[in-house]
Amino acid sequence: MTNHIRGLKALALSATALTALGGGQAFAAEPVTTKPATDAVATAEPAGIATTGEIIVTALKRSTTIQTTPISISAVTEKSLRHLGATSIQDYYRTVPNLQVEGSSPTSRRLTLRGVRSAGEATVGLYYDETPLTGPAGTTADASSTTADINLFDVERVEVLRGPQGTLYGSGSMGGTLRVIMNKPDSHKYSGEIDTQGTTTEGGDPGYQVKGMVNVPLIEDKLAARLVLYKSEQGGYIDDTVLHKKNINSQNSEGGRLMIGYTPIEDLTITATGMYQKTVLDGQSSWYETLGRDSYKTNARVIAPTSDTLKMYNLTAKWKLPFATLTATSSYYKWNLLRNSDYTPTLAASATNATSCANYIAGGPPPPLPVGGSNPACTIPTQMAQYTAYANSRLPGALYQPMGLTSWNHEVRLTGSALAGRVDWTAGAYYEDRSDYIESEVVLANAATGTVIQPLNLTAWRHVGTDTKQTAFFGEVTYRPIPKLSVTIGVRRFNYDKTVNGQVYISNFITQSYAGPPAKVNASADGWVSKYNISYQFTPTLMVYGLAAKGFRPGGANNVPGLGTALVAYQPDSLWNYETGVKSQWLDRRLTLNLAAYQIDWSNLQVQATSANGAFSFLTNAGKARIRGVELEAIARPISGLTLSTTAAYVDARLTQNQTNSAILITGSTGLSGDKFPNVPSFSGSAAAEYTWPITASLSGLARLDYAYVGKSASQFRPTYRYYETQGDYGYANLRGGVEGEDWGAYVFVNNIGDTVGLLSVISAVNNPKQVTSLNPRTVGVEVRKRF
């Protein structure tokens with residue numbers, strides 16, 4: 001509660017200061033150097049800074065400024081990313097209202113916008129330029145639990161679109177869309193940049209980053225190449241008390257991208273991109289609060305690396321025709337991951353389970369028994385002793401899960417204007433062909449070292465594969481009947497087909513899954529989503545808008561041994577978002593103030609449930625929800641060189657119907673009407689102050705202070721559930737300062753100044769209480785960069 005009060009006070013003080021100074025939003029608009037408008041290669045994705053100093057975005061598939069885009073949108077520019085010291089989603093998401101990130105492992109990271117959080121397909125669409133990236137479904141059909149996080153070096157901007165974006169961005173965008181826009185090749189001049197950084201973490205290992213970019217004009221005005229390379233290591237700080245190992249959560253990453261920009265004629269630009277990134281987490285990124293509130297200690301008996309290797313390729317052509325701009329894009333990506341976790345507590349919990357013992361002695365599950373019947377196996381003490389000895393012989397155990405995904409994504413669209421600019425329109429088609437797999441294996445680990453024994457010593461092995469094909473046709477039209485009034489209607493027609501196949505190859509008698517023949521199930525659906533928007537531009541600096549938009553996610557099929565026929569398929573879920581907002585600038589544009597309020601009605605929720613034997617998770621549909629919220633962004637520049645900013649978000653996300661259906665009964669963990677959504681804080685916000693000043697004619701100083709607050713949330717729906725935990729309710733601050741020349745900069749920084757132990761998530765399960773993911777401890781670093 002103390003942290004909650006401190007957080008509210010800090011944000012209130014920031015807001016008071018902003019009001020007194022004429023102040024407002026944070027990280028969005030700032031002066032940056034724009035690329036020449038005549039450079040066809042450099043402006044293949046038109047964006048930058050308008051003559052008014054506002055950021056230009058392409059969220060609507062056309063260039064508009066943030067202040068004239070009638071949706072709730074934030075943009076984090078290249079300069080803001082640099083001054084934040086941001087290289088990943090984790091580094092900037094607190095500056096964006098209502099954006100939440102769960103998990104810090106390469107194979108466990110979930111994005112949430114506006115509290116739209118649920119297992120299943122992604123609720124937030126993630127785009128790197130024109131490529132939509134979706135995670136593998138895994139054994140639980142929970143693709144949203146894995147999110148790519150590509151290094152943000154040499155990124156032009158990040159756009160965050162809040163609310164459903166289904167008409168233009170498809171099924172993965174029911175809560176919103178996050179777009180990362182890369183800097184494009186420039187055919188006019190040779191340039192480059194080198195950025196180096198060194199860090200030390202409180203109680204942990206040192207770390208470093210080395211990043212470089214070079215842009216080479218190959219044929220002036222025609223052909224250019226841009227190469228980015230990077231390598232980093234983040235020092236670990238979590239210690240294992242059982243295996244006596246220190247700093248087991250070190251993480252290293254390396255990668256790069258090559259972009260080729262070609263302008264064969266003045267109105268045609270072709271951009272080819274190849275991208276590679278590999279990230280390895282040496283051990284685990286969580287620790288146990290039961291070993292100490294701020295101990296950063298774990299008693300895991302298995303420490304095995306987790307890895308994430310992504311290869312992505314894209315070809316995009318933009319052709320300015322007399323009546324419209326034609327964009328055609330094709331992407332292919334291959335994503336291989338290895339997820340490792342300590343499975344010892346789960347196995348040990350069933351070491352004396354009577355049903356597991358009976359099936360182990362019998363060599364498999366028995367046939368159905370008559371009413372009142374009982375299985376004679378394991379009624380003799382020596383049989384239980386035999387089974388327990390077997391179960392203990394499989395300890396320590398690891399859940400070893402190599403998984404992979406390949407996807408082809410194609411889109412073609414036309415964007416144009418008509419009637420002397422009174423009509424803007426977009427029309428297009430989209431196709432996706434995605435395949436993923438997972439080999440879920442329970443394996444034996446070395447008790448002395450905690451490493452997985454190679455070659456693998458298998459306790460169990462299960463395979464699941466998912467194939468998804470989706471086609472869509474979409475369009476939006478904006479009509480201005482009078483100069484200040486805009487009315488937009490958008491629709492999308494979708495059709496998808498999913499095939500899920502799987503097989504248990506090796507029985508797991510301990511957790512009660514048994515070998516059997518392969519199984520295959522299909523699910524398909526089609527339908528419409530729509531969007532309605534009306535906005536009125538009262539003055540060049542004041543706009544009011546209202547919208548209603550539908551979001552959806554595809555259904556699918558579970559492949560779970562022994563699951564009842566009625567639960568094999570799960571249906572799509574959908575929501576309607578009703579929103580109104582104000583975008584304004586005051587005091588000769590020195591104050592920007594944007595505010596949005598919304599209500600989301602979510603029906604037929606896809607929810608995660610557990611099979612009767614407790615061995616498997618699966619998806620089904622149950623319940624309804626209502627989410628209400630408000631989000632604020634403000635930025636003020638009261639004097640030259642000083643920028644003050646704040647963001648704030650309030651969310652009330654609750655079930656309006658019990659999460660039950662004909663096949664799911666109410667248990668201790670079942671969400672009931674009125675329960676708040678787990679992992680969704682009611683309040684979050686940020687504040688920042690940045691000051692730059694001239695030291696000499698060619699040298700300037702920089703000082704920046706950032707503060708973020710995260711409100712309290714829970715790990716489960718039901719407060720009475722035995723594994724219900726609370727998390728959040730913390731604030732932390734980062735400080736950065738340095739000197740900058742025309743083409744270089746040198747900085748020192750301290751992240752998490754107060755060494756706050758902020759609990760991002762707390763999870764409890766049988767034999768596994770209070771597993772914590774937290775903020776990194778205080779980290780001190782230096783950074784030097786040079787452009788040429």
# chains A, B, ... in the order shown; residues from 1 in each chain; ligands from 1

$ select_by_dssp --residues "stretch 333-569 of chain A" --states "strand (DSSP E or B)" --output "ChimeraX atom specification"
/A:333-342,397-418,423-445,452,458-482,485-506,508,513,519-539,542-553,556-557,569

$ residues_around --residues "A:Arg422" --least-positions-apart "6" --cutoff "9 Å" --atoms "only C-alpha atoms" --output "list of chain:residue names"
A:Thr478, A:Tyr479, A:Arg480, A:Pro481, A:Ile482, A:Pro483, A:Ser486

$ closest_atom_pairs --of "stretch 119-191 of chain A" --to "stretch 529-544 of chain A" --cutoff "12 Å" --atoms "only C-alpha atoms" --output "JSON lines"
{"residue": "A:Gly163", "atom": "CA", "partner": "A:Lys531", "partner_atom": "CA", "distance": 10.8}
{"residue": "A:Pro164", "atom": "CA", "partner": "A:Lys531", "partner_atom": "CA", "distance": 8.7}
{"residue": "A:Gln165", "atom": "CA", "partner": "A:Lys531", "partner_atom": "CA", "distance": 8.4}
{"residue": "A:Gly166", "atom": "CA", "partner": "A:Val529", "partner_atom": "CA", "distance": 6.7}
{"residue": "A:Thr167", "atom": "CA", "partner": "A:Ser530", "partner_atom": "CA", "distance": 6.2}
{"residue": "A:Leu168", "atom": "CA", "partner": "A:Lys531", "partner_atom": "CA", "distance": 9.8}
{"residue": "A:Tyr169", "atom": "CA", "partner": "A:Val529", "partner_atom": "CA", "distance": 11.1}
{"residue": "A:Gly170", "atom": "CA", "partner": "A:Val529", "partner_atom": "CA", "distance": 9.0}
{"residue": "A:Ser171", "atom": "CA", "partner": "A:Val529", "partner_atom": "CA", "distance": 9.2}
{"residue": "A:Ser173", "atom": "CA", "partner": "A:Val529", "partner_atom": "CA", "distance": 11.5}
{"residue": "A:Met174", "atom": "CA", "partner": "A:Val529", "partner_atom": "CA", "distance": 10.2}

$ residues_around --residues "stretch 116-119 of chain A" --least-positions-apart "4" --cutoff "9 Å" --atoms "only C-alpha atoms" --output "ChimeraX atom specification"
/A:110-112,123-124,140-145,174-176,600,602,605-608,619,627,653,677-680

$ closest_residue --among "A:Ala765, A:Val651, A:Leu133, A:Val772" --to "A:Gln284" --atoms "only C-alpha atoms"
A:Val772

$ atom_distance --atom1 "atom CA of A:Tyr208" --atom2 "atom CA of A:Ala225"
27.2 Å

$ closest_residue --among "A:His83, A:Arg394, A:Arg637, A:Arg654" --to "A:Leu735" --atoms "only C-alpha atoms"
A:His83

$ atom_distance --atom1 "atom CA of A:Asp239" --atom2 "atom CA of A:Lys297"
4.9 Å

$ residues_around --residues "stretch 100-102 of chain A" --least-positions-apart "5" --cutoff "12 Å" --atoms "only C-alpha atoms" --output "PyMOL selection string"
chain A and resi 88-95+107-117+123-124+144-149+160+162+175-176+178+649+651+678-685+710-711+713+715+727-728+759-762+772-775

$ residues_around --residues "A:Ser603" --least-positions-apart "4" --cutoff "12 Å" --atoms "only C-alpha atoms" --output "compact mmCIF listing (two decimals) with C-alpha atoms, in the first residue's frame"
# COMPACT_ATOMS: atom_id res chain seq x y z
CA VAL A 116 -7.48 -7.61 -23.28
CA LYS A 550 -14.90 -5.14 -33.51
CA GLY A 551 -12.00 -7.43 -32.74
CA PHE A 552 -11.80 -11.20 -33.14
CA ARG A 553 -9.55 -14.23 -32.74
CA GLN A 571 -14.79 -21.33 -31.05
CA PRO A 572 -13.64 -17.83 -32.03
CA ASP A 573 -14.08 -15.08 -29.49
CA SER A 574 -14.81 -11.45 -30.28
CA LEU A 575 -15.25 -8.07 -28.67
CA TRP A 576 -16.62 -4.61 -29.39
CA ASN A 577 -14.62 -1.53 -28.39
CA VAL A 607 -10.08 -19.56 -21.57
CA ASN A 621 -15.01 -20.97 -24.48
CA ALA A 622 -16.64 -19.72 -21.31
CA GLY A 623 -17.89 -16.42 -19.94
CA LYS A 624 -18.15 -12.77 -20.87
CA ALA A 625 -16.23 -9.70 -19.73
CA ARG A 626 -16.44 -5.91 -19.69
CA ILE A 627 -13.38 -3.65 -19.67
CA LEU A 655 -15.94 -10.91 -15.79
CA THR A 656 -19.65 -10.32 -16.34
CA GLN A 657 -20.43 -14.03 -16.55
CA ASN A 658 -19.02 -17.11 -14.82
CA GLN A 659 -16.28 -18.90 -16.75

$ residues_around --residues "A:Ser686" --least-positions-apart "4" --cutoff "9 Å" --atoms "only C-alpha atoms" --output "ChimeraX atom specification"
/A:11,26,94-97,645-648,706-710

$ residues_around --residues "stretch 583-596 of chain A" --least-positions-apart "5" --cutoff "6 Å" --atoms "only C-alpha atoms" --output "list in words"
Gly22, Gly23, Gly24, Gln67, Thr541, Leu542, Met543, Val630, Glu631, Leu632, Glu633, Ala634, Ile635, Ala636 and Arg637 of chain A

$ write_last_selection --atoms "N, CA, C and O atoms" --output "PDB file, in the first residue's frame"
ATOM      1  N   GLY A  22       2.180  24.414 -18.116  1.00  0.00           N
ATOM      2  CA  GLY A  22       1.505  24.222 -19.403  1.00  0.00           C
ATOM      3  C   GLY A  22       1.893  22.904 -19.978  1.00  0.00           C
ATOM      4  O   GLY A  22       2.168  22.785 -21.162  1.00  0.00           O
ATOM      5  N   GLY A  23       1.954  21.832 -19.184  1.00  0.00           N
ATOM      6  CA  GLY A  23       2.630  20.620 -19.589  1.00  0.00           C
ATOM      7  C   GLY A  23       1.785  19.441 -19.840  1.00  0.00           C
ATOM      8  O   GLY A  23       0.654  19.376 -19.519  1.00  0.00           O
ATOM      9  N   GLY A  24       2.391  18.391 -20.386  1.00  0.00           N
ATOM     10  CA  GLY A  24       1.659  17.278 -20.913  1.00  0.00           C
ATOM     11  C   GLY A  24       2.350  15.992 -21.242  1.00  0.00           C
ATOM     12  O   GLY A  24       2.963  15.431 -20.393  1.00  0.00           O
ATOM     13  N   GLN A  67      -1.587  13.759 -34.156  1.00  0.00           N
ATOM     14  CA  GLN A  67      -2.671  14.615 -33.671  1.00  0.00           C
ATOM     15  C   GLN A  67      -3.866  14.635 -34.603  1.00  0.00           C
ATOM     16  O   GLN A  67      -4.949  15.076 -34.211  1.00  0.00           O
ATOM     17  N   THR A 541      -5.548  22.497 -33.909  1.00  0.00           N
ATOM     18  CA  THR A 541      -4.924  21.886 -32.732  1.00  0.00           C
ATOM     19  C   THR A 541      -5.931  21.227 -31.799  1.00  0.00           C
ATOM     20  O   THR A 541      -5.595  20.895 -30.667  1.00  0.00           O
ATOM     21  N   LEU A 542      -7.167  21.013 -32.247  1.00  0.00           N
ATOM     22  CA  LEU A 542      -8.171  20.369 -31.395  1.00  0.00           C
ATOM     23  C   LEU A 542      -9.051  19.458 -32.237  1.00  0.00           C
ATOM     24  O   LEU A 542      -9.715  19.915 -33.170  1.00  0.00           O
ATOM     25  N   MET A 543      -9.048  18.177 -31.882  1.00  0.00           N
ATOM     26  CA  MET A 543      -9.873  17.198 -32.578  1.00  0.00           C
ATOM     27  C   MET A 543     -10.584  16.316 -31.549  1.00  0.00           C
ATOM     28  O   MET A 543     -10.009  15.955 -30.521  1.00  0.00           O
ATOM     29  N   VAL A 630      -9.516   4.488 -19.042  1.00  0.00           N
ATOM     30  CA  VAL A 630      -9.154   5.839 -19.470  1.00  0.00           C
ATOM     31  C   VAL A 630      -7.642   5.866 -19.630  1.00  0.00           C
ATOM     32  O   VAL A 630      -6.912   5.260 -18.831  1.00  0.00           O
ATOM     33  N   GLU A 631      -7.160   6.564 -20.663  1.00  0.00           N
ATOM     34  CA  GLU A 631      -5.723   6.698 -20.852  1.00  0.00           C
ATOM     35  C   GLU A 631      -5.380   8.134 -21.232  1.00  0.00           C
ATOM     36  O   GLU A 631      -6.111   8.783 -21.988  1.00  0.00           O
ATOM     37  N   LEU A 632      -4.274   8.606 -20.677  1.00  0.00           N
ATOM     38  CA  LEU A 632      -3.853   9.990 -20.841  1.00  0.00           C
ATOM     39  C   LEU A 632      -2.403  10.028 -21.290  1.00  0.00           C
ATOM     40  O   LEU A 632      -1.561   9.266 -20.790  1.00  0.00           O
ATOM     41  N   GLU A 633      -2.110  10.921 -22.244  1.00  0.00           N
ATOM     42  CA  GLU A 633      -0.740  11.229 -22.630  1.00  0.00           C
ATOM     43  C   GLU A 633      -0.593  12.736 -22.689  1.00  0.00           C
ATOM     44  O   GLU A 633      -1.471  13.431 -23.205  1.00  0.00           O
ATOM     45  N   ALA A 634       0.508  13.255 -22.162  1.00  0.00           N
ATOM     46  CA  ALA A 634       0.724  14.688 -22.206  1.00  0.00           C
ATOM     47  C   ALA A 634       2.207  14.994 -22.306  1.00  0.00           C
ATOM     48  O   ALA A 634       3.041  14.261 -21.779  1.00  0.00           O
ATOM     49  N   ILE A 635       2.522  16.074 -23.006  1.00  0.00           N
ATOM     50  CA  ILE A 635       3.900  16.525 -23.117  1.00  0.00           C
ATOM     51  C   ILE A 635       3.927  18.040 -23.107  1.00  0.00           C
ATOM     52  O   ILE A 635       3.059  18.693 -23.693  1.00  0.00           O
ATOM     53  N   ALA A 636       4.908  18.598 -22.395  1.00  0.00           N
ATOM     54  CA  ALA A 636       5.026  20.049 -22.312  1.00  0.00           C
ATOM     55  C   ALA A 636       6.473  20.463 -22.503  1.00  0.00           C
ATOM     56  O   ALA A 636       7.390  19.784 -22.033  1.00  0.00           O
ATOM     57  N   ARG A 637       6.657  21.594 -23.192  1.00  0.00           N
ATOM     58  CA  ARG A 637       7.985  22.194 -23.355  1.00  0.00           C
ATOM     59  C   ARG A 637       7.898  23.646 -22.882  1.00  0.00           C
ATOM     60  O   ARG A 637       7.770  24.567 -23.682  1.00  0.00           O
TER      61      ARG A 637
END
